[in-house]
Every structure is written in structure tokens, then in C-alpha cells.
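S.K.: File name input.cif; file contents mmCIF, N, CA and C atoms and all ligand atoms; full text below.
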```cif
data_entry
loop_
_atom_site.label_atom_id
_atom_site.label_comp_id
_atom_site.auth_asym_id
_atom_site.auth_seq_id
_atom_site.Cartn_x
_atom_site.Cartn_y
_atom_site.Cartn_z
N MET A 5 2.73 68.34 223.69
CA MET A 5 3.80 68.87 222.86
C MET A 5 4.87 69.55 223.71
N ILE A 6 6.03 69.74 223.11
CA ILE A 6 7.13 70.37 223.82
C ILE A 6 7.61 71.59 223.02
N LYS A 7 7.71 72.72 223.72
CA LYS A 7 8.17 73.97 223.10
C LYS A 7 9.48 74.37 223.77
N ILE A 8 10.47 74.68 222.97
CA ILE A 8 11.75 75.07 223.55
C ILE A 8 11.99 76.56 223.29
N GLU A 9 12.21 77.32 224.36
CA GLU A 9 12.42 78.76 224.23
C GLU A 9 13.83 79.07 223.72
N GLN A 10 13.96 80.28 223.14
CA GLN A 10 15.18 80.70 222.46
C GLN A 10 16.47 80.46 223.27
N GLU A 11 16.49 80.98 224.49
CA GLU A 11 17.71 80.92 225.29
C GLU A 11 18.13 79.48 225.58
N ALA A 12 17.16 78.66 225.96
CA ALA A 12 17.43 77.25 226.24
C ALA A 12 17.89 76.54 224.97
N TRP A 13 17.22 76.85 223.86
CA TRP A 13 17.55 76.23 222.58
C TRP A 13 18.98 76.54 222.15
N ASP A 14 19.34 77.83 222.25
CA ASP A 14 20.70 78.25 221.86
C ASP A 14 21.75 77.50 222.67
N LEU A 15 21.46 77.32 223.95
CA LEU A 15 22.40 76.61 224.82
C LEU A 15 22.52 75.13 224.44
N MET A 16 21.38 74.52 224.11
CA MET A 16 21.38 73.10 223.73
C MET A 16 22.17 72.88 222.45
N VAL A 17 21.95 73.75 221.46
CA VAL A 17 22.64 73.62 220.18
C VAL A 17 24.14 73.88 220.36
N ALA A 18 24.46 74.91 221.14
CA ALA A 18 25.87 75.26 221.38
C ALA A 18 26.59 74.11 222.09
N HIS A 19 25.92 73.51 223.07
CA HIS A 19 26.51 72.39 223.82
C HIS A 19 26.73 71.19 222.89
N ALA A 20 25.76 70.92 222.04
CA ALA A 20 25.86 69.78 221.12
C ALA A 20 26.96 69.99 220.09
N GLN A 21 27.11 71.23 219.62
CA GLN A 21 28.14 71.51 218.61
C GLN A 21 29.53 71.52 219.24
N LYS A 22 29.61 71.96 220.48
CA LYS A 22 30.88 72.05 221.17
C LYS A 22 31.43 70.66 221.50
N THR A 23 30.54 69.73 221.86
CA THR A 23 31.00 68.40 222.26
C THR A 23 31.22 67.48 221.05
N TYR A 24 30.77 67.91 219.88
CA TYR A 24 31.00 67.16 218.65
C TYR A 24 32.49 66.88 218.50
N PRO A 25 32.97 65.70 218.09
CA PRO A 25 32.20 64.58 217.56
C PRO A 25 31.64 63.63 218.62
N ASN A 26 31.66 64.05 219.88
CA ASN A 26 31.07 63.19 220.91
C ASN A 26 29.61 63.56 221.15
N GLU A 27 28.90 62.67 221.80
CA GLU A 27 27.51 62.96 222.17
C GLU A 27 27.51 63.85 223.40
N CYS A 28 26.59 64.79 223.42
CA CYS A 28 26.41 65.61 224.60
C CYS A 28 25.12 65.17 225.29
N CYS A 29 24.91 65.65 226.50
CA CYS A 29 23.64 65.41 227.17
C CYS A 29 23.34 66.53 228.15
N GLY A 30 22.11 66.62 228.54
CA GLY A 30 21.71 67.66 229.48
C GLY A 30 20.26 67.52 229.85
N ALA A 31 19.83 68.41 230.75
CA ALA A 31 18.45 68.37 231.24
C ALA A 31 17.68 69.59 230.74
N MET A 32 16.38 69.42 230.60
CA MET A 32 15.50 70.51 230.16
C MET A 32 14.49 70.79 231.27
N LEU A 33 14.46 72.05 231.71
CA LEU A 33 13.59 72.43 232.82
C LEU A 33 12.56 73.46 232.36
N GLY A 34 11.40 73.40 232.99
CA GLY A 34 10.38 74.39 232.67
C GLY A 34 9.03 73.97 233.20
N PRO A 35 8.03 74.81 232.94
CA PRO A 35 6.69 74.48 233.42
C PRO A 35 5.99 73.46 232.52
N ILE A 36 5.16 72.63 233.13
CA ILE A 36 4.31 71.70 232.38
C ILE A 36 2.87 72.10 232.64
N ASP A 37 2.18 72.49 231.56
CA ASP A 37 0.80 72.94 231.69
C ASP A 37 -0.07 72.03 230.83
N GLY A 38 -0.75 71.09 231.47
CA GLY A 38 -1.53 70.11 230.73
C GLY A 38 -0.60 69.27 229.89
N ASP A 39 -0.80 69.26 228.57
CA ASP A 39 0.14 68.50 227.74
C ASP A 39 1.11 69.41 226.99
N VAL A 40 1.23 70.66 227.45
CA VAL A 40 2.22 71.56 226.86
C VAL A 40 3.38 71.75 227.83
N LYS A 41 4.55 71.31 227.36
CA LYS A 41 5.76 71.46 228.17
C LYS A 41 6.58 72.58 227.56
N THR A 42 6.98 73.56 228.37
CA THR A 42 7.78 74.68 227.86
C THR A 42 9.17 74.63 228.48
N VAL A 43 10.16 74.39 227.63
CA VAL A 43 11.54 74.33 228.12
C VAL A 43 12.09 75.75 228.23
N ARG A 44 12.31 76.18 229.46
CA ARG A 44 12.78 77.53 229.73
C ARG A 44 14.28 77.54 229.99
N VAL A 45 14.75 76.48 230.62
CA VAL A 45 16.17 76.39 231.00
C VAL A 45 16.76 75.07 230.52
N ALA A 46 17.92 75.17 229.86
CA ALA A 46 18.67 73.97 229.50
C ALA A 46 19.88 73.88 230.41
N LEU A 47 20.10 72.70 230.92
CA LEU A 47 21.20 72.48 231.86
C LEU A 47 22.16 71.47 231.25
N PRO A 48 23.27 71.94 230.66
CA PRO A 48 24.22 70.98 230.09
C PRO A 48 24.81 70.11 231.20
N LEU A 49 24.87 68.81 230.97
CA LEU A 49 25.45 67.89 231.95
C LEU A 49 26.58 67.12 231.27
N GLU A 50 27.43 66.52 232.09
CA GLU A 50 28.57 65.82 231.53
C GLU A 50 28.17 64.44 231.04
N ASN A 51 28.67 64.09 229.87
CA ASN A 51 28.52 62.72 229.40
C ASN A 51 29.47 61.85 230.20
N ALA A 52 28.92 60.95 231.02
CA ALA A 52 29.74 60.16 231.94
C ALA A 52 30.02 58.76 231.41
N TYR A 53 29.68 58.54 230.14
CA TYR A 53 29.92 57.21 229.57
C TYR A 53 31.42 56.95 229.48
N PRO A 54 31.91 55.84 230.07
CA PRO A 54 33.35 55.59 230.10
C PRO A 54 33.93 55.10 228.76
N GLY A 55 33.06 54.67 227.84
CA GLY A 55 33.55 54.15 226.56
C GLY A 55 33.57 55.21 225.47
N ALA A 56 33.28 54.81 224.24
CA ALA A 56 33.30 55.71 223.09
C ALA A 56 32.10 56.67 223.16
N GLN A 57 32.40 57.93 223.46
CA GLN A 57 31.33 58.90 223.68
C GLN A 57 30.71 59.43 222.39
N ARG A 58 31.27 59.01 221.25
CA ARG A 58 30.60 59.44 220.02
C ARG A 58 29.45 58.50 219.68
N GLU A 59 29.36 57.41 220.45
CA GLU A 59 28.29 56.44 220.22
C GLU A 59 27.19 56.44 221.26
N ARG A 60 27.49 56.92 222.43
CA ARG A 60 26.44 56.97 223.45
C ARG A 60 26.76 57.92 224.59
N TYR A 61 25.76 58.17 225.38
CA TYR A 61 25.94 59.04 226.54
C TYR A 61 25.41 58.34 227.77
N GLU A 62 25.86 58.81 228.89
CA GLU A 62 25.38 58.28 230.16
C GLU A 62 25.27 59.45 231.13
N LEU A 63 24.17 59.50 231.84
CA LEU A 63 23.98 60.55 232.85
C LEU A 63 24.25 59.96 234.22
N ARG A 64 24.92 60.71 235.06
CA ARG A 64 25.11 60.26 236.44
C ARG A 64 23.80 60.49 237.20
N PRO A 65 23.40 59.52 238.03
CA PRO A 65 22.16 59.69 238.82
C PRO A 65 22.20 60.97 239.65
N GLU A 66 23.37 61.33 240.16
CA GLU A 66 23.46 62.54 241.00
C GLU A 66 23.28 63.81 240.18
N ASP A 67 23.67 63.77 238.89
CA ASP A 67 23.46 64.92 238.02
C ASP A 67 21.97 65.11 237.71
N LEU A 68 21.30 63.98 237.55
CA LEU A 68 19.86 64.01 237.29
C LEU A 68 19.12 64.54 238.53
N LEU A 69 19.60 64.12 239.68
CA LEU A 69 19.02 64.58 240.95
C LEU A 69 19.24 66.08 241.11
N PHE A 70 20.44 66.54 240.72
CA PHE A 70 20.77 67.96 240.77
C PHE A 70 19.81 68.75 239.87
N ALA A 71 19.56 68.23 238.67
CA ALA A 71 18.66 68.88 237.72
C ALA A 71 17.25 68.95 238.30
N GLU A 72 16.84 67.87 238.91
CA GLU A 72 15.51 67.79 239.55
C GLU A 72 15.40 68.87 240.64
N ARG A 73 16.43 69.01 241.43
CA ARG A 73 16.43 70.00 242.52
C ARG A 73 16.43 71.42 241.98
N GLU A 74 17.23 71.65 240.92
CA GLU A 74 17.28 72.98 240.28
C GLU A 74 15.90 73.38 239.79
N ALA A 75 15.19 72.42 239.20
CA ALA A 75 13.85 72.68 238.69
C ALA A 75 12.93 73.08 239.83
N ARG A 76 12.88 72.26 240.86
CA ARG A 76 12.00 72.51 242.02
C ARG A 76 12.30 73.87 242.65
N LYS A 77 13.61 74.14 242.79
CA LYS A 77 14.05 75.39 243.42
C LYS A 77 13.47 76.60 242.69
N ASN A 78 13.32 76.46 241.37
CA ASN A 78 12.84 77.57 240.55
C ASN A 78 11.36 77.42 240.17
N GLY A 79 10.66 76.56 240.88
CA GLY A 79 9.24 76.38 240.63
C GLY A 79 8.92 75.77 239.27
N MET A 80 9.87 74.96 238.77
CA MET A 80 9.67 74.33 237.46
C MET A 80 9.72 72.80 237.61
N ASP A 81 9.56 72.13 236.48
CA ASP A 81 9.66 70.68 236.46
C ASP A 81 10.87 70.25 235.63
N LEU A 82 11.32 69.05 235.88
CA LEU A 82 12.31 68.44 235.00
C LEU A 82 11.50 67.81 233.86
N ILE A 83 11.53 68.48 232.70
CA ILE A 83 10.72 68.04 231.57
C ILE A 83 11.33 66.82 230.89
N GLY A 84 12.64 66.83 230.78
CA GLY A 84 13.26 65.70 230.11
C GLY A 84 14.75 65.89 229.90
N ILE A 85 15.26 65.08 229.01
CA ILE A 85 16.69 64.96 228.76
C ILE A 85 16.95 65.24 227.29
N PHE A 86 18.03 65.95 227.00
CA PHE A 86 18.42 66.08 225.58
C PHE A 86 19.80 65.45 225.39
N HIS A 87 20.02 64.95 224.19
CA HIS A 87 21.36 64.50 223.83
C HIS A 87 21.54 64.62 222.33
N SER A 88 22.77 64.49 221.88
CA SER A 88 23.04 64.70 220.45
C SER A 88 23.44 63.40 219.78
N HIS A 89 23.23 63.36 218.47
CA HIS A 89 23.69 62.25 217.64
C HIS A 89 24.66 62.82 216.60
N PRO A 90 25.96 62.66 216.85
CA PRO A 90 26.96 63.17 215.91
C PRO A 90 26.93 62.36 214.60
N ASP A 91 26.75 63.07 213.49
CA ASP A 91 26.72 62.48 212.14
C ASP A 91 25.68 61.36 212.02
N CYS A 92 24.59 61.51 212.72
CA CYS A 92 23.49 60.54 212.70
C CYS A 92 22.18 61.32 212.76
N ASP A 93 21.11 60.68 212.29
CA ASP A 93 19.79 61.31 212.38
C ASP A 93 19.32 61.36 213.84
N ALA A 94 18.28 62.17 214.05
CA ALA A 94 17.74 62.35 215.40
C ALA A 94 16.69 61.29 215.72
N TYR A 95 17.05 60.03 215.53
CA TYR A 95 16.14 58.93 215.84
C TYR A 95 16.34 58.50 217.30
N PHE A 96 15.51 57.61 217.78
CA PHE A 96 15.67 57.11 219.15
C PHE A 96 16.18 55.69 219.07
N SER A 97 17.42 55.49 219.46
CA SER A 97 18.07 54.19 219.27
C SER A 97 17.61 53.18 220.33
N LYS A 98 17.97 51.93 220.10
CA LYS A 98 17.62 50.85 221.03
C LYS A 98 18.26 51.14 222.40
N THR A 99 19.51 51.60 222.37
CA THR A 99 20.21 51.96 223.62
C THR A 99 19.49 53.11 224.31
N ASP A 100 19.09 54.11 223.51
CA ASP A 100 18.36 55.25 224.08
C ASP A 100 17.11 54.77 224.80
N LEU A 101 16.42 53.83 224.16
CA LEU A 101 15.18 53.29 224.70
C LEU A 101 15.44 52.56 226.02
N GLU A 102 16.48 51.73 226.02
CA GLU A 102 16.81 50.95 227.21
C GLU A 102 17.21 51.83 228.39
N ASN A 103 17.84 52.97 228.09
CA ASN A 103 18.31 53.86 229.15
C ASN A 103 17.31 54.99 229.46
N SER A 104 16.11 54.90 228.90
CA SER A 104 15.17 56.01 229.05
C SER A 104 14.33 55.88 230.32
N CYS A 105 13.56 56.92 230.57
CA CYS A 105 12.56 56.89 231.64
C CYS A 105 11.25 57.31 230.99
N PRO A 106 10.20 56.51 231.15
CA PRO A 106 8.94 56.76 230.45
C PRO A 106 8.28 58.09 230.77
N TRP A 107 8.64 58.73 231.88
CA TRP A 107 7.94 59.97 232.25
C TRP A 107 8.65 61.22 231.75
N TYR A 108 9.75 61.07 231.02
CA TYR A 108 10.46 62.23 230.48
C TYR A 108 10.32 62.33 228.97
N SER A 109 10.50 63.57 228.47
CA SER A 109 10.64 63.80 227.02
C SER A 109 12.12 63.68 226.69
N PHE A 110 12.43 63.07 225.55
CA PHE A 110 13.81 62.92 225.13
C PHE A 110 14.04 63.62 223.80
N VAL A 111 14.74 64.75 223.86
CA VAL A 111 15.03 65.50 222.65
C VAL A 111 16.39 65.06 222.11
N VAL A 112 16.41 64.69 220.84
CA VAL A 112 17.65 64.27 220.19
C VAL A 112 18.01 65.29 219.12
N LEU A 113 19.24 65.81 219.16
CA LEU A 113 19.71 66.77 218.17
C LEU A 113 20.68 66.09 217.22
N SER A 114 20.40 66.19 215.95
CA SER A 114 21.30 65.64 214.95
C SER A 114 22.35 66.70 214.60
N ILE A 115 23.62 66.34 214.83
CA ILE A 115 24.72 67.25 214.51
C ILE A 115 25.53 66.61 213.40
N GLN A 116 25.54 67.22 212.23
CA GLN A 116 26.27 66.66 211.10
C GLN A 116 27.47 67.55 210.78
N LYS A 117 28.65 66.93 210.76
CA LYS A 117 29.90 67.67 210.52
C LYS A 117 30.02 68.89 211.44
N GLY A 118 29.57 68.73 212.67
CA GLY A 118 29.72 69.79 213.66
C GLY A 118 28.63 70.84 213.67
N GLN A 119 27.66 70.73 212.73
CA GLN A 119 26.59 71.72 212.65
C GLN A 119 25.23 71.10 212.93
N PHE A 120 24.38 71.87 213.62
CA PHE A 120 23.03 71.39 213.90
C PHE A 120 22.27 71.15 212.61
N GLN A 121 21.57 70.01 212.52
CA GLN A 121 20.77 69.71 211.34
C GLN A 121 19.27 69.69 211.64
N HIS A 122 18.87 68.85 212.57
CA HIS A 122 17.45 68.77 212.93
C HIS A 122 17.32 68.12 214.31
N ALA A 123 16.10 68.18 214.85
CA ALA A 123 15.87 67.61 216.18
C ALA A 123 14.51 66.94 216.23
N ASN A 124 14.38 65.95 217.10
CA ASN A 124 13.11 65.28 217.35
C ASN A 124 12.95 65.09 218.85
N SER A 125 11.70 65.03 219.27
CA SER A 125 11.44 64.69 220.67
C SER A 125 10.72 63.36 220.73
N TRP A 126 11.09 62.54 221.71
CA TRP A 126 10.56 61.18 221.81
C TRP A 126 9.98 60.92 223.18
N LEU A 127 8.90 60.16 223.19
CA LEU A 127 8.25 59.75 224.44
C LEU A 127 8.25 58.23 224.53
N PRO A 128 9.12 57.67 225.36
CA PRO A 128 9.16 56.21 225.50
C PRO A 128 7.90 55.70 226.20
N ASN A 129 7.46 54.49 225.85
CA ASN A 129 6.32 53.91 226.55
C ASN A 129 6.79 53.29 227.87
N MET A 130 5.84 52.88 228.69
CA MET A 130 6.15 52.36 230.02
C MET A 130 7.06 51.14 229.99
N GLU A 131 6.90 50.30 228.95
CA GLU A 131 7.69 49.07 228.86
C GLU A 131 9.08 49.34 228.27
N GLN A 132 9.29 50.59 227.80
CA GLN A 132 10.53 50.97 227.13
C GLN A 132 10.82 50.08 225.92
N THR A 133 9.74 49.73 225.20
CA THR A 133 9.91 48.92 224.00
C THR A 133 9.82 49.79 222.74
N GLU A 134 9.14 50.93 222.85
CA GLU A 134 9.14 51.87 221.73
C GLU A 134 8.92 53.29 222.22
N ALA A 135 9.23 54.24 221.32
CA ALA A 135 9.07 55.65 221.66
C ALA A 135 8.26 56.33 220.56
N ALA A 136 7.29 57.12 220.97
CA ALA A 136 6.48 57.87 220.01
C ALA A 136 7.09 59.25 219.80
N LYS A 137 6.94 59.76 218.58
CA LYS A 137 7.44 61.09 218.28
C LYS A 137 6.50 62.11 218.94
N GLU A 138 7.09 63.08 219.60
CA GLU A 138 6.31 64.13 220.25
C GLU A 138 6.41 65.40 219.42
N GLU A 139 5.32 66.15 219.34
CA GLU A 139 5.35 67.40 218.59
C GLU A 139 6.37 68.34 219.25
N LEU A 140 7.27 68.87 218.44
CA LEU A 140 8.37 69.70 218.96
C LEU A 140 8.41 71.04 218.26
N GLU A 141 8.50 72.09 219.07
CA GLU A 141 8.62 73.45 218.54
C GLU A 141 9.91 74.06 219.06
N HIS A 142 10.79 74.49 218.13
CA HIS A 142 12.01 75.16 218.58
C HIS A 142 12.31 76.33 217.65
N PRO A 143 13.08 77.32 218.13
CA PRO A 143 13.26 78.59 217.44
C PRO A 143 13.71 78.55 215.97
N HIS A 144 14.73 77.78 215.60
CA HIS A 144 15.09 77.79 214.18
C HIS A 144 15.27 76.39 213.66
N ALA A 145 14.98 76.20 212.41
CA ALA A 145 15.00 74.85 211.85
C ALA A 145 16.37 74.48 211.33
ZN ZN A 201 20.89 58.50 221.26
#
```
Represent the supplied structure as C-alpha cells.

M.R.:
Amino acid sequence: MIKIEQEAWDLMVAHAQKTYPNECCGAMLGPIDGDVKTVRVALPLENAYPGAQRERYELRPEDLLFAEREARKNGMDLIGIFHSHPDCDAYFSKTDLENSCPWYSFVVLSIQKGQFQHANSWLPNMEQTEAAKEELEHPHA
């Protein structure tokens, strides 16, 4: 399961609402203890998708590398990636699946009319053909 702490959560929601109506993205850092991942730090990253950013996001490999280094520097792990779905549910799309990495958690925040609605966390399988819903705990619903 994945637990998101207050400070990280506030930052993720603020980033998602600020970038609305476009999709936002970022990294989630924290300790991994067995199958409990605790997101302590959220790192907003730039959506580098050159096309319509309200439909998808793209992370630069160097930004992901930076997030990985930030985690290590602070004795944490890169738990996963978050992004938002403007005026859409927090499902895991076919594009999301194709661009995923099986070893990360993918938190999707649904932002409707600029306001946070709900969130889900997804775990893609090794073949990136489907993603299972991961138990998610965050400060406010
Ligand atoms: Zn998506």
C-alpha cells in the first residue's frame, strides 16, 4: 500500500490545481518498508509533452534521474510518479500504461473544474498490459 503524508499531499494537490486545465506531473519520494510505501516528499516536475498538455504528460529522463538522486541523497526511495487528469476520472489510461515503469507506483489525481476530486494509485504489470489498483491512503478525501 501507499500512504501519502500531509505536506507531500498538499503539494501534489496544489500542483495539480495550479496546472489545471493541463496535466501536471511529479515524483514521490519516501521510505519503502516491506509493502508499505510512505510518500514524505513530493517533487513537482515539468510536463514536457510538446503537444496538448491537457491530454497527457511527459517526464524528461533527466528530471526522473534528478528525482532519483534527490531520494538517495536523503536516504529515501523514488516511490513513483504522480500526475493529474483534468476533468477526467483517476483511471489509468492506455497511454499511461504504455509510458509507465512496472517498478513504480502511479498516483493519478482527478481534478474537476480546477478542484481536486479523488485519487487512485496504480501498479502496472511487467508487460505494461494492465495496472492493478493499489491501496492508497491520503490526508483528505
Ligand atoms: Zn494519465

S.K.: Would you give me, as a PyMOL selection string, the residues in range 7-132 of chain A that DSSP reads as helix (DSSP H, G or I)?

M.R.: chain A and resi 10-23+65-77+98-102

S.K.: Select, from A:Leu68, A:Val112, A:Leu47, A:Ala20, the residue with the minimum atom-to-atom distance to Phe96 in chain A, counting all atoms listed in the file.

M.R.: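 Of A:Leu68, A:Val112, A:Leu47, A:Ala20, the one nearest Phe96 in chain A, counting all atoms listed in the file, is A:Val112.
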
S.K.: Just checking: using only N, CA and C atoms, which residue out of A:Pro128, A:Pro143, A:Pro25, A:Gly30 ends up closest to Leu63 in chain A?

M.R.: A:Gly30

S.K.: Looking at only C-alpha atoms, which of A:Glu72, A:Glu11, A:Glu134, A:Glu59 is the one that sits closest to Cys92 in chain A?

M.R.: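 Checking each of A:Glu72, A:Glu11, A:Glu134, A:Glu59 against Cys92 in chain A, counting only C-alpha atoms, the winner is A:Glu59.
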
S.K.: Quick one: distance from CA of Gln21 in chain A to atom C of Cys105 in chain A in Å, one decimal?

M.R.: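 Interatomic distance here is 25.3 Å.
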
S.K.: Starting from 8 Å padding per side, set up an axis-aligned box that covers all listed atoms of range 36-44 of chain A and hand over centre and edge lengths in Å, one decimal, as lines of an AutoDock Vina configuration file.

M.R.:
```
center_x = 6.4
center_y = 73.0
center_z = 230.0
size_x = 31.8
size_y = 25.0
size_z = 22.3
```

S.K.: Of the candidates A:Gln119, A:Asn124, A:Ser109, A:Thr99, which shows the shortest atom-to-atom distance to ligand ZN 201 (chain A), using only C-alpha atoms and all ligand atoms?

M.R.: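 Selected residue with least distance to ligand ZN 201 (chain A): A:Thr99.
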
S.K.: Could you tell me which of A:Asp39, A:Asp100, A:Glu74, A:Glu141 comes closest to ligand ZN 201 (chain A) if we count only C-alpha atoms and all ligand atoms?

M.R.: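 For ligand ZN 201 (chain A), the nearest of the given residues is A:Asp100.
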
S.K.: For the atom pair CA of Ala12 in chain A and atom N of Met130 in chain A, what is the interatomic distance in Å to one decimal place?

M.R.: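 Calculated distance between CA of Ala12 in chain A and atom N of Met130 in chain A is 27.1 Å.
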
S.K.: For ligand ZN 201 (chain A), collect every residue having any atom at a distance of at most 6.5 Å from a ligand atom (counting all atoms listed in the file); output as a list in words.

M.R.: Arg60, Tyr61, His87, Ser88, His89, Tyr95, Phe96, Ser97, Thr99 and Asp100 of chain A

S.K.: The selected residues should be written to file as an mmCIF file, keeping the file's coordinate frame (atoms: N, CA and C atoms).

M.R.:
```
data_model
loop_
_atom_site.group_PDB
_atom_site.id
_atom_site.type_symbol
_atom_site.label_atom_id
_atom_site.label_comp_id
_atom_site.auth_asym_id
_atom_site.auth_seq_id
_atom_site.Cartn_x
_atom_site.Cartn_y
_atom_site.Cartn_z
ATOM 1 N N ARG A 60 27.490 56.920 222.430
ATOM 2 C CA ARG A 60 26.440 56.970 223.450
ATOM 3 C C ARG A 60 26.760 57.920 224.590
ATOM 4 N N TYR A 61 25.760 58.170 225.380
ATOM 5 C CA TYR A 61 25.940 59.040 226.540
ATOM 6 C C TYR A 61 25.410 58.340 227.770
ATOM 7 N N HIS A 87 20.020 64.950 224.190
ATOM 8 C CA HIS A 87 21.360 64.500 223.830
ATOM 9 C C HIS A 87 21.540 64.620 222.330
ATOM 10 N N SER A 88 22.770 64.490 221.880
ATOM 11 C CA SER A 88 23.040 64.700 220.450
ATOM 12 C C SER A 88 23.440 63.400 219.780
ATOM 13 N N HIS A 89 23.230 63.360 218.470
ATOM 14 C CA HIS A 89 23.690 62.250 217.640
ATOM 15 C C HIS A 89 24.660 62.820 216.600
ATOM 16 N N TYR A 95 17.050 60.030 215.530
ATOM 17 C CA TYR A 95 16.140 58.930 215.840
ATOM 18 C C TYR A 95 16.340 58.500 217.300
ATOM 19 N N PHE A 96 15.510 57.610 217.780
ATOM 20 C CA PHE A 96 15.670 57.110 219.150
ATOM 21 C C PHE A 96 16.180 55.690 219.070
ATOM 22 N N SER A 97 17.420 55.490 219.460
ATOM 23 C CA SER A 97 18.070 54.190 219.270
ATOM 24 C C SER A 97 17.610 53.180 220.330
ATOM 25 N N THR A 99 19.510 51.600 222.370
ATOM 26 C CA THR A 99 20.210 51.960 223.620
ATOM 27 C C THR A 99 19.490 53.110 224.310
ATOM 28 N N ASP A 100 19.090 54.110 223.510
ATOM 29 C CA ASP A 100 18.360 55.250 224.080
ATOM 30 C C ASP A 100 17.110 54.770 224.800
#
```

S.K.: For range 77-86 of chain A, find every residue with an atom within 7 Å (counting only C-alpha atoms), except residues of its own chain fewer than 6 positions away, and show them as a VMD selection string.

M.R.: chain A and resid 29 to 36 41 71 108 to 112

S.K.: As a PyMOL selection string, please: the residues near Asp93 in chain A (cut-off 9 Å, only C-alpha atoms, same-chain neighbours under 3 positions excluded).

M.R.: chain A and resi 89-90+96+112-116+121-123

S.K.: Can I get the selected residues back with N, CA and C atoms, as an mmCIF file, in the coordinates of the input?

M.R.:
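Contents of selection-v9.cif, freshly written:
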```
data_model
loop_
_atom_site.group_PDB
_atom_site.id
_atom_site.type_symbol
_atom_site.label_atom_id
_atom_site.label_comp_id
_atom_site.auth_asym_id
_atom_site.auth_seq_id
_atom_site.Cartn_x
_atom_site.Cartn_y
_atom_site.Cartn_z
ATOM 1 N N HIS A 89 23.230 63.360 218.470
ATOM 2 C CA HIS A 89 23.690 62.250 217.640
ATOM 3 C C HIS A 89 24.660 62.820 216.600
ATOM 4 N N PRO A 90 25.960 62.660 216.850
ATOM 5 C CA PRO A 90 26.960 63.170 215.910
ATOM 6 C C PRO A 90 26.930 62.360 214.600
ATOM 7 N N PHE A 96 15.510 57.610 217.780
ATOM 8 C CA PHE A 96 15.670 57.110 219.150
ATOM 9 C C PHE A 96 16.180 55.690 219.070
ATOM 10 N N VAL A 112 16.410 64.690 220.840
ATOM 11 C CA VAL A 112 17.650 64.270 220.190
ATOM 12 C C VAL A 112 18.010 65.290 219.120
ATOM 13 N N LEU A 113 19.240 65.810 219.160
ATOM 14 C CA LEU A 113 19.710 66.770 218.170
ATOM 15 C C LEU A 113 20.680 66.090 217.220
ATOM 16 N N SER A 114 20.400 66.190 215.950
ATOM 17 C CA SER A 114 21.300 65.640 214.950
ATOM 18 C C SER A 114 22.350 66.700 214.600
ATOM 19 N N ILE A 115 23.620 66.340 214.830
ATOM 20 C CA ILE A 115 24.720 67.250 214.510
ATOM 21 C C ILE A 115 25.530 66.610 213.400
ATOM 22 N N GLN A 116 25.540 67.220 212.230
ATOM 23 C CA GLN A 116 26.270 66.660 211.100
ATOM 24 C C GLN A 116 27.470 67.550 210.780
ATOM 25 N N GLN A 121 21.570 70.010 212.520
ATOM 26 C CA GLN A 121 20.770 69.710 211.340
ATOM 27 C C GLN A 121 19.270 69.690 211.640
ATOM 28 N N HIS A 122 18.870 68.850 212.570
ATOM 29 C CA HIS A 122 17.450 68.770 212.930
ATOM 30 C C HIS A 122 17.320 68.120 214.310
ATOM 31 N N ALA A 123 16.100 68.180 214.850
ATOM 32 C CA ALA A 123 15.870 67.610 216.180
ATOM 33 C C ALA A 123 14.510 66.940 216.230
#
```

S.K.: Would you compute the distance between CA of Pro106 in chain A and CA of Ala136 in chain A? Give it in Å to one decimal.

M.R.: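 Straight-line distance from CA of Pro106 in chain A to CA of Ala136 in chain A works out to 10.8 Å.
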
S.K.: Apply DSSP to the backbone of this structure and, from range 29-82 of chain A, keep only the residues in strand (DSSP E or B); write these as a list in words.

M.R.: Cys29, Gly30, Ala31, Met32, Leu33, Gly34, Ile36, Asp37, Val40, Lys41, Thr42, Val43, Val45, Ala46, Leu47, Pro48, Leu49, Asp81 and Leu82 of chain A

S.K.: Tell me which of A:Val43, A:Asn103, A:Gln132, A:Asp91 sits closest to Arg64 in chain A, counting only C-alpha atoms.

M.R.: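 Result for the nearest residue to Arg64 in chain A: A:Asn103.
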